[in-house]
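Novice: Starting off with a structure, shown below.
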Amino acid sequence: MTAPIRSLADSLRRFGDDRLEALLVARPDLASPVPRGIGPLAARAAGATSARRALDSLTLPELHLVEALAVLEDGVSPARLAAAVSSDPASISPELERLTTLAVLWGEDALHLVRPLREGLRTPAGLAAEHPEDPSPEEALRRVEAVRRRAPEVLDALAWGPPTVQGTGTLAGRLRQAGIVVADGDALRIPRPVHLALRGGRVRRSHAAQRPAPEGPELTERIPGSRTAQAVERAVEALRLLGTVRSFDEDPPGVLRRGGIPQRDLRRLAERAGAPLLTYATVLQSAWEAGLLGHDGQEWRPTADWDAHRLQGAEQRWAELVLAWAAGHHLAAVVGTPDSSGTGRSLMSDLTRRDGVRTRRTVLLRILRTSPGLDATEESLAAALSWSFPLVPAEVIREEVAALLVEGRALGLLDGGALTLLGHELVLALDEDVTAADARLAAALTEAAPPPVDEVLLDADLTAVVPGRPAERLLPLLDWTEPISRGGALTLRFTAASVRRALGDGRDAQALLALLEDASRSPVPQSLRYLLQDEQRRHGRLRISRAQTVLTAEPEVLDLLQAAPEATSLGLHRLAPTVAISLGDPGYALQVARQAGLAPQAVGADGRPVPADLSHSLRGGPVDPDLVTIEGPALPLPAAEAVARIRAAEDGQTELSVTDRLLEAIAQETEIPMGIVDGRGGVVVKRARPLSLEGGRLRAREHGHDEEFTVLVHRVALD
């Protein structure tokens, strides 16, 4: 006969290695550092912070079970729990198995929720918090039955509503007199036992055991393969937009004080690239997350990885971009919208970062793969995602679903509410390592895309036609032309404005002519040659450069500054013996000048000295572009190795520390003698029961006392 499970530690000791590994993978914070035994593991799992974090991984039916366990008496049976959520034991069995694996409940015939969740869920399932003056369940049922005979429709309306109601009329007075509601400030509150009686002892009206399936019209193709062709076209367009980053060397966008790219610069770049704002934002954000873009606190520029990236084939570049997007922690489609504080979100900044978005994006992509023949609606996708993440606010879910549809389309992964062929391959790649995933995506684009075309057809009306997907060497044509049409062929037109723009970006007209002469089937039209020569002759009559800081001093002082090694980073350009300019901001120039042994003075635009308080507020120093944060905790070592260490400690092969022994006592719910060092260096011995240990503080209750006490762990000594 199997011994009953008496604690969470007992439950975990019955886990096999596979189940312990599943626990650590789902709750990696439990293994950092690796606990020395099952007891410390159980105590850590029952800690308030870790238990609350575990709630975020629950699906809707699992959350409903946890809420019901928090409402019902401790040690409830599975049958009673199933009835409380309007289900049956067989239907809730899979959820109970997972909740047990997650170590948020334990027991078989009698189920126990870990203490932090039982005490921390104050208003579960829309019920009021417990109150000392609440009636007993029997008294609550008597009150409800007495009123139900007179006004059943009123009680039916209250049963599944919120725990607080508004009202001052006759009906409210009768309900208050009958004890159905009680005064709670300016509102009326339904006591929890009364609310449960109204619901017939149930906590939930229904049990959503299955995730709602996406809904929408069936996908149709008037021309077979057209959806794949359009996906390939958008993937190639994303690479074209990524190529516009080259212009950052000549005309880099600025950096906001709080990080990110100014909205006006983003709009300007998108217009120059001839792309919708959110499409362009998606490509830039993905490139930033791939490490291809960075800033020095002043300007955005390609990073050192950009050159290596450009040497790869088009398919490999697209795969790298897509994988960076899928693994990213940011939303590009929310750029420009206000956050909770009213601040506009800027692209490539922490303002577009959202904890958990990578996980929810992955789940949503997998949901889409389950409905390959549907053009799923946003509403149905939001409902499916809400089932998987019930604690995420509805407005956040809707925003992330809309962002996925926009961003996925920009990269060729989605077409409306359905995955493209490339999108299906991405979902498969999510379960592979980076190398295999990159190879899978590159192969998918190579197979789906037609072979690149290496020739161009020129006409005397200044049009150029690339009869297919342009090869890599023809991509510079996009910088010199205006696109007329895209599709099976790419039609471009040379105009005076497009040629001037290319010359302004530093492009070489002679290199273009050499390319056209080599790639064109016919001679280069004379009209095109004249256009290029005329614009080349006019180009550069007026020269404009960028400067952010002006330095004025006596010639010998500027000579000293320019000669100082510290001033190399300023990039000083001497306009006159007493005037120099720098791309660095004023605050940075002040710092460098002081480091060079000079005594600089900050002045305003009118030449007058800036007050001291304003001078100190000038921002200085470049920003480290490599400073990033990582979402959530991660396992410090493979799950199998962590389980092996826990097993070894459990078998007594390692010596337990004071912390581990306290955690063991917490897991076993036992009293132990402990010495507590007081402020004078003496030791006070108490027999106490440890209750929790978090943040280096032990909470315990001394034997024979109802009050709890808290002490720092380093002041606790054990025999």
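Letters A, B, ... mark the chains of the structure tokens in the order given; residue numbers begin at 1 per chain; ligand numbers begin at 1, in order shown.
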Compile the contact shell of Leu196 of chain A as an MDAnalysis selection string: residues with an atom at most 9 Å away, counting only C-alpha atoms, same-chain residues fewer than 3 positions apart removed.
Specialist: chainID A and resid 127 137 140:141 159 191:193 199:203
Novice: Just the selected residues (N, CA and C atoms), exported as a CSV table (one decimal), in the first residue's frame, please.
Specialist:
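This went into result_37.csv:
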```csv
chain,number,residue,atom,x,y,z
A,127,LEU,N,-14.6,36.4,-6.9
A,127,LEU,CA,-15.2,36.4,-5.6
A,127,LEU,C,-14.5,37.4,-4.7
A,137,PRO,N,-20.8,28.8,5.6
A,137,PRO,CA,-21.5,28.3,4.4
A,137,PRO,C,-22.9,27.9,4.6
A,140,ALA,N,-24.9,31.1,4.9
A,140,ALA,CA,-25.0,31.8,3.5
A,140,ALA,C,-26.0,31.1,2.7
A,141,LEU,N,-26.1,29.7,2.7
A,141,LEU,CA,-27.1,29.0,1.9
A,141,LEU,C,-28.5,29.3,2.4
A,159,ALA,N,-25.2,36.1,-9.4
A,159,ALA,CA,-24.4,34.9,-9.2
A,159,ALA,C,-23.1,35.0,-9.9
A,191,PRO,N,-20.5,38.9,0.3
A,191,PRO,CA,-19.6,38.0,1.0
A,191,PRO,C,-19.3,36.7,0.2
A,192,ARG,N,-18.0,36.3,0.3
A,192,ARG,CA,-17.6,35.1,-0.5
A,192,ARG,C,-18.5,33.9,-0.3
A,193,PRO,N,-18.9,33.5,1.0
A,193,PRO,CA,-19.7,32.3,1.2
A,193,PRO,C,-21.1,32.5,0.5
A,199,ARG,N,-23.9,30.7,-6.6
A,199,ARG,CA,-23.4,29.9,-7.7
A,199,ARG,C,-23.7,28.4,-7.5
A,200,GLY,N,-24.4,28.0,-6.5
A,200,GLY,CA,-24.6,26.6,-6.3
A,200,GLY,C,-23.4,25.9,-5.9
A,201,GLY,N,-22.5,26.5,-5.2
A,201,GLY,CA,-21.3,25.8,-4.7
A,201,GLY,C,-20.2,25.8,-5.8
A,202,ARG,N,-20.5,26.3,-7.0
A,202,ARG,CA,-19.5,26.2,-8.1
A,202,ARG,C,-18.6,27.5,-8.0
A,203,VAL,N,-17.4,27.4,-8.5
A,203,VAL,CA,-16.5,28.5,-8.5
A,203,VAL,C,-16.5,29.1,-10.0
```
Novice: Can you list every residue in segment 66-269 of chain A that DSSP puts in strand (DSSP E or B), as a list in words?
Specialist: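 Checking each residue of segment 66-269 of chain A, the strand (DSSP E or B) ones are Val76, Leu105, Trp106, Leu111, His112, Leu113, Thr164, Val165, Val182, Ala183, Asp184, Ala187, Leu188, Arg189, Glu218, Gly254 and Ile261 of chain A.
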Novice: With C-alpha atoms retained, export the selected residues as a PDB file, in the first residue's frame.
Specialist:
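result_38.pdb, written as the output of this step:
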```
ATOM      1  CA  VAL A  76     -10.409  18.877  -1.398  1.00  0.00           C
ATOM      2  CA  LEU A 105      -0.184  21.600  -5.863  1.00  0.00           C
ATOM      3  CA  TRP A 106       0.380  18.196  -4.315  1.00  0.00           C
ATOM      4  CA  LEU A 111      -5.349  18.140  -3.149  1.00  0.00           C
ATOM      5  CA  HIS A 112      -3.334  20.932  -1.545  1.00  0.00           C
ATOM      6  CA  LEU A 113      -2.404  24.240  -3.174  1.00  0.00           C
ATOM      7  CA  THR A 164     -19.208  44.545  -5.609  1.00  0.00           C
ATOM      8  CA  VAL A 165     -22.436  46.205  -6.729  1.00  0.00           C
ATOM      9  CA  VAL A 182     -23.026  44.104   3.029  1.00  0.00           C
ATOM     10  CA  ALA A 183     -21.788  47.676   3.069  1.00  0.00           C
ATOM     11  CA  ASP A 184     -18.210  48.167   1.863  1.00  0.00           C
ATOM     12  CA  ALA A 187     -20.376  50.145  -2.581  1.00  0.00           C
ATOM     13  CA  LEU A 188     -22.058  46.913  -1.567  1.00  0.00           C
ATOM     14  CA  ARG A 189     -20.083  43.678  -1.330  1.00  0.00           C
ATOM     15  CA  GLU A 218     -11.090  29.487 -46.091  1.00  0.00           C
ATOM     16  CA  GLY A 254      19.943  60.544 -34.674  1.00  0.00           C
ATOM     17  CA  ILE A 261      15.439  56.520 -33.360  1.00  0.00           C
TER      18      ILE A 261
END
```
Novice: Env of segment 564-567 of chain A: 7 Å cut, atoms = only C-alpha atoms, seq-sep filter 2 positions within chain, self excluded. Answer as a PyMOL selection string.
Specialist: chain A and resi 560-562+569-570+592+595-596
Novice: Which residue out of A:Arg222, A:Gly695, A:Pro338, A:Gln668 has the minimum interatomic distance to Asp10 of chain A when only C-alpha atoms are used?
Specialist: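 The shortest atom-to-atom distance to Asp10 of chain A comes from A:Gln668.
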Novice: Which residues of segment 418-526 of chain A come within 12 Å of segment 326-330 of chain A, and for each one, what is the closest pair of atoms and their distance in Å to one decimal, counting only C-alpha atoms, sorted by chain and residue number, as CSV?
Specialist:
```
residue,atom,partner,partner_atom,distance
A:Gly423,CA,A:Ala326,CA,10.8
A:Leu426,CA,A:Ala326,CA,8.5
A:Val427,CA,A:Ala326,CA,9.5
A:Ala429,CA,A:Ala326,CA,10.2
A:Leu430,CA,A:Ala326,CA,8.3
A:Asp431,CA,A:Ala327,CA,11.8
A:Val434,CA,A:Ala327,CA,10.6
A:Ala437,CA,A:Ala326,CA,11.4
```
Novice: For Phe709 of chain A, list every protein, DNA or RNA residue within 8 Å, evaluated using only C-alpha atoms, and leave out those in the same chain fewer than 4 positions away; present the list as a list in words.
Specialist: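 Using only C-alpha atoms, the neighbours found are Arg699, Ala700, Arg701 and Glu702 of chain A.
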